[in-house]
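J.: This structure is in structure tokens; I'll ask about it shortly.
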Amino acid sequence: MEGGSSQNFVPPSAGFDKSRVLDVRPLRSLMPVFPAASQAPSFPGMPPFGNTPNGFPPFYPFGLPSSYQASPDLNSEMRTPTGPMPAPIRSYRAPTSSGADDFPEDSNGDGYFDPHVGSSSSRKKTTKASSSRKKTKKNGDGDSLTNNGSGVTFVSVMSSFQIEDGNRELVNYVLMNFDALRRRICQIEDNKESKTGVIKRADLKAGGIVMSKKVRTNMRRRVGVIPGVEIGDIFFFRMEMCAVGLHAPSMAGIDYMTGNGDGDKDPVALSIVSSGGYDDEAEASDVLIYSGQGGNSNSKDKDREVADQKLERGNLALQRSLHHGNEVRVIRGVKDDVSSTIKIYVYDGLYKVHESWTERGKAGCNIFKYKLLRVPGQPPAFAVWQAIRKWKDGFSSRAGLVLQDLTSGTEPVPVSLVNEVDNEKALVSFTYFPTLKYTKSFSLMPPSFGCNCRSACQPGDTNCSCIQKNGGDFPYTSNGILVSRKQLLHECGPTCPCTPNCKNRVSQTGVKLRLEVFKTKDRGWGLRSWDSIRAGAFICEYAGEVIDEAKLKQKDDGGENDEYIFDTGRDYESFKWSYEPGLIEESPNDVGDYNIPYRLIISAKNVGNVGRFINHSCSPNVFWQPVVYEHNNQSFVHIAFYAIGHIPPMTELTYDYGSSSSNEAGSNSGPNRKNKCLCGSSKCRGYFG
DNA sequence: GCGCGGTCACGACG
DNA sequence: CCGTCGTGACCGCG
């Protein structure tokens with residue numbers, strides 16, 4: 001945690017009302033209660049939510065109260081805690097694998113995976129991330145697992161209720177599976193030498209799998225709020241929105257439903273995706289002008305002839321929603337600032353259709369237009385993007401700016417310092433340094449030699465020793481996303497002849513995201529990003545001075561409270577960052593425990609980078625990964641941070657600080673050494689460090 | 001070395 | 001079971 005102001009050590013009654021914070025999200029309190037099921041048959045493999053990190057805390061940059069999603073009018077679809085579970089409005093096809101739709105498999109009968117069941121009881125600590133573990137390497141090459149020749153058998157770990165109606169945890173679980181699958185498919189395809197038969201659309205492949213294997217949620221179609229999807233959530237693929245029930249069609253821009261069971265055959269619109277490609281822009285962030293669908297008859301033979309749009313399907317549904325005054329979910333497609341080729345989908349909450357008309361399109365044909373107005377009172381989402389765009393045009397529009405670049409040009413991208421909370425105008429001074437500093441010699445890994453690749457290392461090159469050290473898989477996708485965690489991630493180093501643009505040098509090339517150090521309400525300074533961050537993206541390393549255990553003990557004994565210690569010797573919650581085994585033949589190549597050759601202790605108190613400002617959370621959105629590359633004929637381990645899931649702009653970045661064992665150095669300071677945790681997560685352990 | 005338009009192949013739902 | 005909906009990766013161009 002940052003400190004500077006030592007605000008992270010909040011006295012017991014510092015006015016922090018934890019219960020209020022815990023009420024932010026409509027977690028279990030609003031969820032239906034199901035008749036208790038007998039002790040559930042357990043899931044194949046590991047319990048899916050044992051230690052999986054929870055969702056990201058929502059961020060409200062403009063000081064709005066964060067209780068929005070619990071407001072009753074906008075949650076009219078949600079049922080009361082004691083309400084009976086209504087029969088599903090329609091049954092769906094039985095899954096191909098038997099047993100997937102058996103009666104509730106949740107262990108406490110509430111229809112939802114409970115973070116506390118099977119987690120607190122069987123909560124596993126990783127062994128101290130030290131060198132002792134030597135597991136047999138799990139290699140993704142084919143043979144393993146439960147597949148039976150013809151295909152993969154997979155029994156969905158989700159009950160029929162969970163497939164029908166989601167919550168935050170389920171949504172995160174589905175998204176985690178989708179993207180881990182997607183990254184792994186990319187990796188497998190990249191490894192193939194022959195470029196024939198490659199899967200170009202790993203998103204469709206992964207999407208097809210999670211949809212057909214029922215690793216999906218909120219399949220029950222509904223108007224309004226989707227439980228577990230929060231305003232401001234971002235998506236990188238249409239299939240992600242399908243899988244969590246935000247927007248069902250894999251291609252079409254308008255999702256609608258006919259017949260709500262009341263004999264009413266009127267279609268109603270459920271959600272729309274504004275691709276941004278049209279002239280759908282509007283001046284204000286709470287207005288959306290949306291074009292109807294159809295009209296460009298795109299039959300394969302005939303060269304695009306254009307026709308009048310018709311008042312049918314989605315167009316009709318929007319018209320009926322206007323008539324009924326129904327809410328429509330709006331997802332805005334925006335261009336990413338980091339990689340301009342990709343599009344990001346921002347869930348911007350509920351809108352109402354205000355008016356509709358027809359216009360003459362370019363080819364002189366009629367197109368429908370709809371004006372939608374955002375339902376007031378919702379936390380900003382798309383508005384945040386618009387604000388950031390202004391900030392990028394000029395710093396003057398950034399309120400509370402203290403410093404434009406606290407790295408003084410050390411990082412390739414400026415890191416600004418912002419305080420919108422109080423009058424603190426400076427950091428406790430430290431020296432900005434982008435990587436590790438060794439002040440004395442350590443027993444390092446023996447020097448290892450780099451690869452012989454001439455230009456850039458190529459996935460699938462079996463001769464590249466750096467790829468071999470990673471178990472044969474190229475650790476990153478072609479656009480620099482980490483595929484899976486590794487016991488020790490090997491990047492190319494200075495003695496590798498490959499060029500600096502080698503794709504195996506992600507974590508050593510410095511900060512690429514537009515980051516900002518900001519003053520939090522109650523936890524000192526924190527770190528967040530103006531850019532959106534996708535799951536597996538590198539954020540920054542933990543820079544600082546490497547110290548040894550004796551020095552750490554010396555600090556502790558001397559009563560010096562160094563809040564800027566990173567210590568691989570702490571206990572860390574194990575968590576899963578991969579897909580369920582069995583979804584594809586290749587097993588997930590997720591790490592078991594980290595395998596670090598020596599205990600690495602970093603102090604960023606006097607020397608450090610942006611990493612020192614990342615606060616602790618028990619439900620973090622960032623994880624750390626040991627990375628090794630050699631330098632000066634020694635191999636050095638670095639600590640690199642990657643995103644667990646997609647992180648919307650301006651969301652505070654957090655990782656799990658772990659906890660010191662009681663018999664470690666500093667135990668004579670007693671339990672006071674532990675810091676009281678203010679992360680506000682439902683899984684909060686109460687302390688850290 | 002980038003932005004742009006064209007091309008291609010694909011999934012969910014009605 | 002077929003039609004409706006664009007998308008996302010890639011490639012060549014200027």
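Residue names in the structure tokens use chain letters A, B, ... in the order shown, residue numbers from 1 in each chain, and ligand numbers from 1 in the order shown.
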Using only C-alpha atoms (C1' of nucleotides), which protein or nucleic acid residues come within 12 Å of DG11 of chain B? Drop anything in the same chain fewer than 6 positions from it, and give the result as a PyMOL selection string.
T.: (chain A and resi 201+203-209+211-212+238-239+242+248-252) or (chain C and resi 4-7)
J.: In segment 600-673 of chain A, what's strand (DSSP E or B) per DSSP? Answer as a PyMOL selection string?
T.: chain A and resi 601-603+607-608+615-616+622-631+634-643+647+652+654-655+659
J.: Please run DSSP on the backbone and report, as a PyMOL selection string, all residues within segment 154-394 of chain A that come out as alpha helix (DSSP H).
T.: chain A and resi 160-164+168-191+202-212+238-243+313-324+382-393
J.: So how many Å separate atom CA of Phe636 of chain A and atom CA of Asp656 of chain A, to one decimal?
T.: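 One can read the atom CA of Phe636 of chain A to atom CA of Asp656 of chain A distance as 22.8 Å.
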J.: Please find the residues of chain B near chain A - the criterion being any atom within 8 Å, counting only C-alpha atoms (C1' of nucleotides) - and write them as a ChimeraX atom specification.
T.: /B:10-13
